[in-house]
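Source file final.cif; content: mmCIF, C-alpha atoms.
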data_query
#
loop_
_atom_site.label_atom_id
_atom_site.label_comp_id
_atom_site.auth_asym_id
_atom_site.auth_seq_id
_atom_site.Cartn_x
_atom_site.Cartn_y
_atom_site.Cartn_z
CA GLU A 30 132.09 150.18 94.74
CA PHE A 31 135.30 150.86 96.66
CA TRP A 32 135.34 147.30 97.95
CA LYS A 33 135.21 145.83 94.44
CA SER A 34 137.97 147.98 92.87
CA ARG A 35 140.32 148.77 95.76
CA GLU A 36 143.47 148.49 93.64
CA LYS A 37 142.19 150.98 91.10
CA VAL A 38 141.13 153.39 93.83
CA ALA A 39 144.52 152.99 95.60
CA LYS A 40 146.40 153.79 92.37
CA ALA A 41 144.24 156.86 91.72
CA MET A 42 144.84 158.02 95.29
CA GLY A 43 148.59 157.43 94.86
CA VAL A 44 148.65 159.55 91.69
CA GLU A 45 146.83 162.42 93.41
CA VAL A 46 149.06 162.24 96.51
CA ASN A 47 152.17 162.24 94.27
CA GLU A 48 150.91 165.28 92.35
CA TRP A 49 150.26 167.15 95.61
CA LEU A 50 153.69 166.18 97.01
CA GLN A 51 155.42 167.34 93.83
CA LYS A 52 153.51 170.57 93.82
CA TYR A 53 153.86 171.48 97.50
CA GLY A 54 156.69 169.33 98.83
CA ASP A 55 159.05 169.08 95.90
CA THR A 56 159.23 165.35 96.34
CA ASN A 57 158.15 162.17 94.49
CA LEU A 58 156.02 159.36 95.84
CA THR A 59 157.67 156.01 95.11
CA MET A 60 155.15 153.69 96.68
CA PHE A 61 151.60 154.07 97.96
CA GLN A 62 149.51 151.47 99.80
CA VAL A 63 146.13 151.77 101.44
CA THR A 64 146.44 149.97 104.79
CA LYS A 65 143.39 151.27 106.59
CA ILE A 66 140.32 153.13 105.53
CA GLY A 67 138.32 154.97 108.08
CA PHE A 68 134.96 156.53 107.44
CA HIS A 69 132.98 158.96 109.48
CA PRO A 70 130.97 156.95 112.05
CA LYS A 71 127.63 158.03 110.54
CA PHE A 72 128.77 157.02 107.06
CA GLU A 73 130.12 153.70 108.36
CA ARG A 74 126.84 153.03 110.20
CA MET A 75 124.96 153.84 107.01
CA ILE A 76 127.08 151.33 105.05
CA VAL A 77 126.49 148.63 107.69
CA ASP A 78 122.75 149.39 107.73
CA ILE A 79 122.59 149.11 103.93
CA GLN A 80 124.42 145.78 104.04
CA LEU A 81 122.06 144.55 106.77
CA GLN A 82 119.05 145.60 104.72
CA VAL A 83 120.41 143.75 101.68
CA GLN A 84 120.98 140.65 103.80
CA LEU A 85 117.50 140.96 105.30
CA TYR A 86 116.01 141.30 101.83
CA VAL A 87 117.83 138.18 100.62
CA THR A 88 116.88 136.30 103.78
CA ASN A 89 113.23 137.25 103.32
CA GLU A 90 113.35 136.13 99.69
CA TYR A 91 114.69 132.74 100.77
CA ARG A 92 112.07 132.56 103.52
CA GLN A 93 109.32 133.26 100.96
CA GLN A 94 110.73 130.59 98.66
CA LEU A 95 110.78 128.16 101.58
CA VAL A 96 107.13 128.93 102.43
CA LYS A 97 106.21 128.49 98.75
CA VAL A 98 107.94 125.09 98.63
CA ASP A 99 106.25 124.07 101.90
CA LYS A 100 102.85 124.97 100.46
CA GLU A 101 103.59 123.11 97.22
CA ILE A 102 104.51 120.05 99.29
CA ASP A 103 101.26 120.41 101.26
CA VAL A 104 99.29 120.53 98.00
CA MET A 105 101.14 117.48 96.63
CA GLU A 106 100.49 115.59 99.89
CA SER A 107 96.79 116.46 99.69
CA ILE A 108 96.58 115.32 96.07
CA ALA A 109 98.42 112.09 96.88
CA HIS A 110 96.16 111.49 99.89
CA SER A 111 93.02 112.04 97.82
CA LYS A 112 94.33 109.65 95.15
CA ILE A 113 95.06 107.05 97.82
CA LEU A 114 91.53 107.43 99.20
CA ALA A 115 90.05 107.10 95.71
CA ILE A 116 92.13 103.99 94.99
CA ASN A 117 91.18 102.45 98.34
CA ALA A 118 87.49 103.17 97.72
CA TRP A 119 87.71 101.69 94.22
CA ALA A 120 89.56 98.63 95.55
CA PHE A 121 87.09 98.15 98.40
CA GLY A 122 84.13 98.41 96.02
CA ASN A 123 85.64 95.98 93.55
CA SER A 124 86.74 93.57 96.27
CA SER A 125 83.21 93.61 97.72
CA VAL A 126 81.78 92.71 94.31
CA ILE A 127 84.40 89.99 93.78
CA ILE A 128 83.79 88.54 97.25
CA ALA A 129 80.01 88.62 96.76
CA ASN A 130 80.32 86.93 93.36
CA ALA A 131 82.72 84.32 94.73
CA THR A 132 80.45 83.66 97.72
CA ASN A 133 77.44 83.35 95.42
CA THR A 134 79.30 81.04 93.05
CA GLY A 135 80.56 78.93 95.97
CA LEU A 136 77.05 78.72 97.41
CA ASN A 137 75.65 77.70 94.02
CA ILE A 138 78.32 75.02 93.58
CA THR A 139 77.78 73.73 97.12
CA GLN A 140 74.00 73.67 96.78
CA GLY A 141 74.24 72.04 93.37
CA ALA A 142 76.57 69.37 94.75
CA LYS A 143 74.24 68.77 97.72
CA ALA A 144 71.23 68.51 95.45
CA ARG A 145 73.06 66.08 93.16
CA HIS A 146 74.22 63.91 96.08
CA TYR A 147 70.77 63.94 97.73
CA ARG A 148 69.23 62.97 94.37
CA GLU A 149 71.74 60.10 93.99
CA PHE A 150 71.09 59.09 97.62
CA ALA A 151 67.32 59.18 97.10
CA ASP A 152 67.55 57.24 93.83
CA GLU A 153 69.78 54.60 95.46
CA LEU A 154 67.27 54.11 98.29
CA GLY A 155 64.20 54.63 96.12
CA LEU A 156 62.92 57.61 98.13
CA THR A 157 60.36 60.08 96.87
CA SER A 158 60.96 63.83 96.87
CA ARG A 159 58.75 64.21 99.93
CA GLN A 160 60.67 61.53 101.79
CA ILE A 161 64.05 63.04 100.95
CA VAL A 162 62.81 66.46 102.14
CA GLN A 163 61.73 64.86 105.42
CA TYR A 164 65.13 63.17 105.69
CA ILE A 165 66.98 66.47 105.12
CA ARG A 166 64.84 68.24 107.73
CA THR A 167 65.46 65.50 110.24
CA THR A 168 69.24 65.44 109.74
CA THR A 169 69.54 69.21 110.03
CA ILE A 170 67.84 69.36 113.43
CA GLY A 171 71.24 68.75 115.06
CA GLU A 172 72.49 71.99 113.53
CA HIS A 173 69.90 74.02 115.48
CA GLU A 174 71.65 76.00 118.22
CA SER A 175 68.76 76.25 120.66
CA LYS A 176 68.74 73.66 123.45
CA ASP A 177 64.99 74.20 123.94
CA LEU A 178 63.89 72.78 120.58
CA VAL A 179 60.83 70.54 120.81
CA LEU A 180 59.88 68.72 117.67
CA GLY A 181 57.16 66.14 117.12
CA LEU A 182 57.82 63.87 114.15
CA SER A 183 56.06 60.98 112.52
CA TYR A 184 58.09 58.22 111.03
CA PRO A 185 59.56 59.91 107.92
CA PHE A 186 59.64 56.76 105.82
CA SER A 187 56.05 55.65 106.32
CA ASN A 188 53.69 55.03 103.47
CA ASN A 189 51.65 58.06 104.52
CA GLY A 190 54.65 60.32 103.92
CA ALA A 191 55.31 58.72 100.56
CA SER A 192 51.80 59.38 99.33
CA GLY A 193 52.12 62.99 100.32
CA LYS A 194 49.25 62.72 102.84
CA ASN A 195 50.82 63.19 106.24
CA THR A 196 47.98 62.69 108.69
CA LYS A 197 50.13 62.93 111.79
CA LYS A 198 50.86 66.30 113.29
CA GLY A 199 54.36 67.60 113.77
CA TRP A 200 55.55 68.00 110.17
CA GLY A 201 54.49 71.60 109.90
CA PHE A 202 57.78 72.85 108.49
#
Would you mind writing the file's structure down as structure tokens?
Amino acid sequence: EFWKSREKVAKAMGVEVNEWLQKYGDTNLTMFQVTKIGFHPKFERMIVDIQLQVQLYVTNEYRQQLVKVDKEIDVMESIAHSKILAINAWAFGNSSVIIANATNTGLNITQGAKARHYREFADELGLTSRQIVQYIRTTTIGEHESKDLVLGLSYPFSNNGASGKNTKKGWGF
């Protein structure tokens, strides 16, 4: 408390010193100033220890607040990470469905276009369904990756193939 109200304490000390001087020294004090205060070493050490304890207490409070904030940040990071994982999983699932649907639609369009063009091709040449199937099989042989493919074929546009009675061996597709 002395440190907060030094002026007040100095004035009170001046009044008491003046009273003592008047009583015992028959003199008046005209000016009084506290220039140095000395305490007993044990008392001074006690004051310093108290101040250190207060500082330690405040420091520990700040340290606890820092740990609390760190933990709150950890929790927020975990929540954000889990939300990111959930969004990624949702996006992956939806993208897989979209890709599968698009692939299916593309395949359907492609197959429909092929069927339409083969039908137009067959109609233009007057081929039967069996003959066009034989033609498609024959043209797709080149797409086979194996170099060891052996295939025995009869003439695909013979009258036997048109009647649906293939008597020659080799068309066992």
First collect every listed atom of stretch 105-117 of chain A; then fit an axis-aligned box around them, widen it by 6 Å on each side, and give centre and edge lengths in Å to one decimal, as JSON.
{"center_x": 95.6, "center_y": 110.0, "center_z": 97.4, "size_x": 23.1, "size_y": 27.0, "size_z": 16.9}
Resolved residues for the PyMOL selection byres ((chain A and resi 33-48) around 12) as a list of chain:residue names: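 Written out, the selection comes to A:Glu30, A:Phe31, A:Trp32, A:Trp49, A:Leu50, A:Gln51, A:Lys52, A:Tyr53, A:Gly54, A:Asp55, A:Thr56, A:Asn57, A:Leu58, A:Thr59, A:Met60, A:Phe61, A:Gln62, A:Val63, A:Thr64, A:Lys65, A:Ile66.
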Straight-line distance linking atom CA of A:Lys143 with atom CA of A:Val162, stated in Å to one decimal: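 Distance reported for this atom pair: 12.5 Å.
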Ground truth for the PyMOL selection byres ((chain A and resi 144-149) around 12), written as a ChimeraX atom specification: /A:136-143,150-165
Straight-line distance linking atom CA of A:Leu114 with atom CA of A:Lys97, stated in Å to one decimal: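 Taking atom CA of A:Leu114 as the start and atom CA of A:Lys97 as the end point, the length is 25.7 Å.
Across the structure, atom CA of A:Val77 and atom CA of A:Val96 are spaced 28.1 Å apart.
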Since the input is missing atoms for stretch 46-57 of chain A, could you rebuild it with all heavy atoms and give the result as a PDB file, keeping the file's coordinate frame?
ATOM      1  N   VAL A  46     148.126 161.904  95.419  1.00  0.00           N
ATOM      2  CA  VAL A  46     149.060 162.240  96.510  1.00  0.00           C
ATOM      3  C   VAL A  46     150.412 162.636  95.927  1.00  0.00           C
ATOM      4  O   VAL A  46     151.057 163.604  96.376  1.00  0.00           O
ATOM      5  CB  VAL A  46     149.190 161.071  97.512  1.00  0.00           C
ATOM      6  CG1 VAL A  46     150.350 161.291  98.484  1.00  0.00           C
ATOM      7  CG2 VAL A  46     147.896 160.846  98.262  1.00  0.00           C
ATOM      8  N   ASN A  47     150.885 161.929  94.908  1.00  0.00           N
ATOM      9  CA  ASN A  47     152.170 162.240  94.270  1.00  0.00           C
ATOM     10  C   ASN A  47     152.120 163.631  93.645  1.00  0.00           C
ATOM     11  O   ASN A  47     153.068 164.420  93.782  1.00  0.00           O
ATOM     12  CB  ASN A  47     152.516 161.180  93.225  1.00  0.00           C
ATOM     13  CG  ASN A  47     153.923 161.333  92.722  1.00  0.00           C
ATOM     14  OD1 ASN A  47     154.839 161.732  93.479  1.00  0.00           O
ATOM     15  ND2 ASN A  47     154.150 161.059  91.451  1.00  0.00           N
ATOM     16  N   GLU A  48     151.036 163.948  92.952  1.00  0.00           N
ATOM     17  CA  GLU A  48     150.910 165.280  92.350  1.00  0.00           C
ATOM     18  C   GLU A  48     150.956 166.368  93.440  1.00  0.00           C
ATOM     19  O   GLU A  48     151.603 167.407  93.287  1.00  0.00           O
ATOM     20  CB  GLU A  48     149.606 165.388  91.547  1.00  0.00           C
ATOM     21  CG  GLU A  48     149.635 164.638  90.236  1.00  0.00           C
ATOM     22  CD  GLU A  48     148.301 164.672  89.501  1.00  0.00           C
ATOM     23  OE1 GLU A  48     147.348 165.359  89.973  1.00  0.00           O
ATOM     24  OE2 GLU A  48     148.197 163.995  88.477  1.00  0.00           O
ATOM     25  N   TRP A  49     150.280 166.166  94.521  1.00  0.00           N
ATOM     26  CA  TRP A  49     150.260 167.150  95.610  1.00  0.00           C
ATOM     27  C   TRP A  49     151.648 167.296  96.220  1.00  0.00           C
ATOM     28  O   TRP A  49     152.091 168.403  96.490  1.00  0.00           O
ATOM     29  CB  TRP A  49     149.250 166.705  96.674  1.00  0.00           C
ATOM     30  CG  TRP A  49     148.992 167.754  97.711  1.00  0.00           C
ATOM     31  CD1 TRP A  49     148.113 168.772  97.657  1.00  0.00           C
ATOM     32  CD2 TRP A  49     149.682 167.887  98.950  1.00  0.00           C
ATOM     33  NE1 TRP A  49     148.179 169.536  98.780  1.00  0.00           N
ATOM     34  CE2 TRP A  49     149.143 168.991  99.612  1.00  0.00           C
ATOM     35  CE3 TRP A  49     150.698 167.174  99.597  1.00  0.00           C
ATOM     36  CZ2 TRP A  49     149.570 169.430 100.859  1.00  0.00           C
ATOM     37  CZ3 TRP A  49     151.115 167.597 100.849  1.00  0.00           C
ATOM     38  CH2 TRP A  49     150.548 168.704 101.466  1.00  0.00           C
ATOM     39  N   LEU A  50     152.348 166.128  96.435  1.00  0.00           N
ATOM     40  CA  LEU A  50     153.690 166.180  97.010  1.00  0.00           C
ATOM     41  C   LEU A  50     154.664 166.901  96.069  1.00  0.00           C
ATOM     42  O   LEU A  50     155.545 167.636  96.519  1.00  0.00           O
ATOM     43  CB  LEU A  50     154.208 164.780  97.338  1.00  0.00           C
ATOM     44  CG  LEU A  50     153.571 164.099  98.551  1.00  0.00           C
ATOM     45  CD1 LEU A  50     154.064 162.662  98.673  1.00  0.00           C
ATOM     46  CD2 LEU A  50     153.880 164.861  99.827  1.00  0.00           C
ATOM     47  N   GLN A  51     154.537 166.661  94.783  1.00  0.00           N
ATOM     48  CA  GLN A  51     155.420 167.340  93.830  1.00  0.00           C
ATOM     49  C   GLN A  51     155.132 168.825  93.813  1.00  0.00           C
ATOM     50  O   GLN A  51     156.040 169.654  93.717  1.00  0.00           O
ATOM     51  CB  GLN A  51     155.241 166.748  92.413  1.00  0.00           C
ATOM     52  CG  GLN A  51     155.885 165.417  92.240  1.00  0.00           C
ATOM     53  CD  GLN A  51     155.619 164.830  90.842  1.00  0.00           C
ATOM     54  OE1 GLN A  51     154.868 165.390  90.049  1.00  0.00           O
ATOM     55  NE2 GLN A  51     156.261 163.721  90.568  1.00  0.00           N
ATOM     56  N   LYS A  52     153.890 169.178  93.898  1.00  0.00           N
ATOM     57  CA  LYS A  52     153.510 170.570  93.820  1.00  0.00           C
ATOM     58  C   LYS A  52     153.910 171.333  95.095  1.00  0.00           C
ATOM     59  O   LYS A  52     154.440 172.441  95.014  1.00  0.00           O
ATOM     60  CB  LYS A  52     152.006 170.677  93.579  1.00  0.00           C
ATOM     61  CG  LYS A  52     151.482 172.073  93.370  1.00  0.00           C
ATOM     62  CD  LYS A  52     150.007 171.993  93.050  1.00  0.00           C
ATOM     63  CE  LYS A  52     149.445 173.350  92.783  1.00  0.00           C
ATOM     64  NZ  LYS A  52     148.033 173.341  92.481  1.00  0.00           N
ATOM     65  N   TYR A  53     153.629 170.752  96.260  1.00  0.00           N
ATOM     66  CA  TYR A  53     153.860 171.480  97.500  1.00  0.00           C
ATOM     67  C   TYR A  53     155.078 171.004  98.290  1.00  0.00           C
ATOM     68  O   TYR A  53     155.536 171.700  99.172  1.00  0.00           O
ATOM     69  CB  TYR A  53     152.613 171.396  98.414  1.00  0.00           C
ATOM     70  CG  TYR A  53     151.386 172.025  97.799  1.00  0.00           C
ATOM     71  CD1 TYR A  53     150.339 171.253  97.326  1.00  0.00           C
ATOM     72  CD2 TYR A  53     151.315 173.407  97.680  1.00  0.00           C
ATOM     73  CE1 TYR A  53     149.231 171.843  96.769  1.00  0.00           C
ATOM     74  CE2 TYR A  53     150.193 173.983  97.102  1.00  0.00           C
ATOM     75  CZ  TYR A  53     149.161 173.200  96.661  1.00  0.00           C
ATOM     76  OH  TYR A  53     148.055 173.785  96.091  1.00  0.00           O
ATOM     77  N   GLY A  54     155.577 169.818  98.008  1.00  0.00           N
ATOM     78  CA  GLY A  54     156.690 169.330  98.830  1.00  0.00           C
ATOM     79  C   GLY A  54     157.949 169.063  98.039  1.00  0.00           C
ATOM     80  O   GLY A  54     158.952 168.641  98.606  1.00  0.00           O
ATOM     81  N   ASP A  55     157.911 169.295  96.766  1.00  0.00           N
ATOM     82  CA  ASP A  55     159.050 169.080  95.900  1.00  0.00           C
ATOM     83  C   ASP A  55     159.647 167.693  96.125  1.00  0.00           C
ATOM     84  O   ASP A  55     160.849 167.511  96.322  1.00  0.00           O
ATOM     85  CB  ASP A  55     160.101 170.178  96.134  1.00  0.00           C
ATOM     86  CG  ASP A  55     161.119 170.220  94.998  1.00  0.00           C
ATOM     87  OD1 ASP A  55     160.741 169.816  93.863  1.00  0.00           O
ATOM     88  OD2 ASP A  55     162.248 170.611  95.245  1.00  0.00           O
ATOM     89  N   THR A  56     158.786 166.726  96.131  1.00  0.00           N
ATOM     90  CA  THR A  56     159.230 165.350  96.340  1.00  0.00           C
ATOM     91  C   THR A  56     158.369 164.413  95.494  1.00  0.00           C
ATOM     92  O   THR A  56     157.280 164.765  95.057  1.00  0.00           O
ATOM     93  CB  THR A  56     159.144 164.979  97.843  1.00  0.00           C
ATOM     94  OG1 THR A  56     159.708 163.742  98.062  1.00  0.00           O
ATOM     95  CG2 THR A  56     157.776 164.995  98.382  1.00  0.00           C
ATOM     96  N   ASN A  57     158.881 163.175  95.280  1.00  0.00           N
ATOM     97  CA  ASN A  57     158.150 162.170  94.490  1.00  0.00           C
ATOM     98  C   ASN A  57     157.725 160.994  95.389  1.00  0.00           C
ATOM     99  O   ASN A  57     158.497 160.540  96.238  1.00  0.00           O
ATOM    100  CB  ASN A  57     159.024 161.606  93.384  1.00  0.00           C
ATOM    101  CG  ASN A  57     159.139 162.559  92.229  1.00  0.00           C
ATOM    102  OD1 ASN A  57     158.206 163.290  91.941  1.00  0.00           O
ATOM    103  ND2 ASN A  57     160.272 162.558  91.577  1.00  0.00           N
TER     104      ASN A  57
END
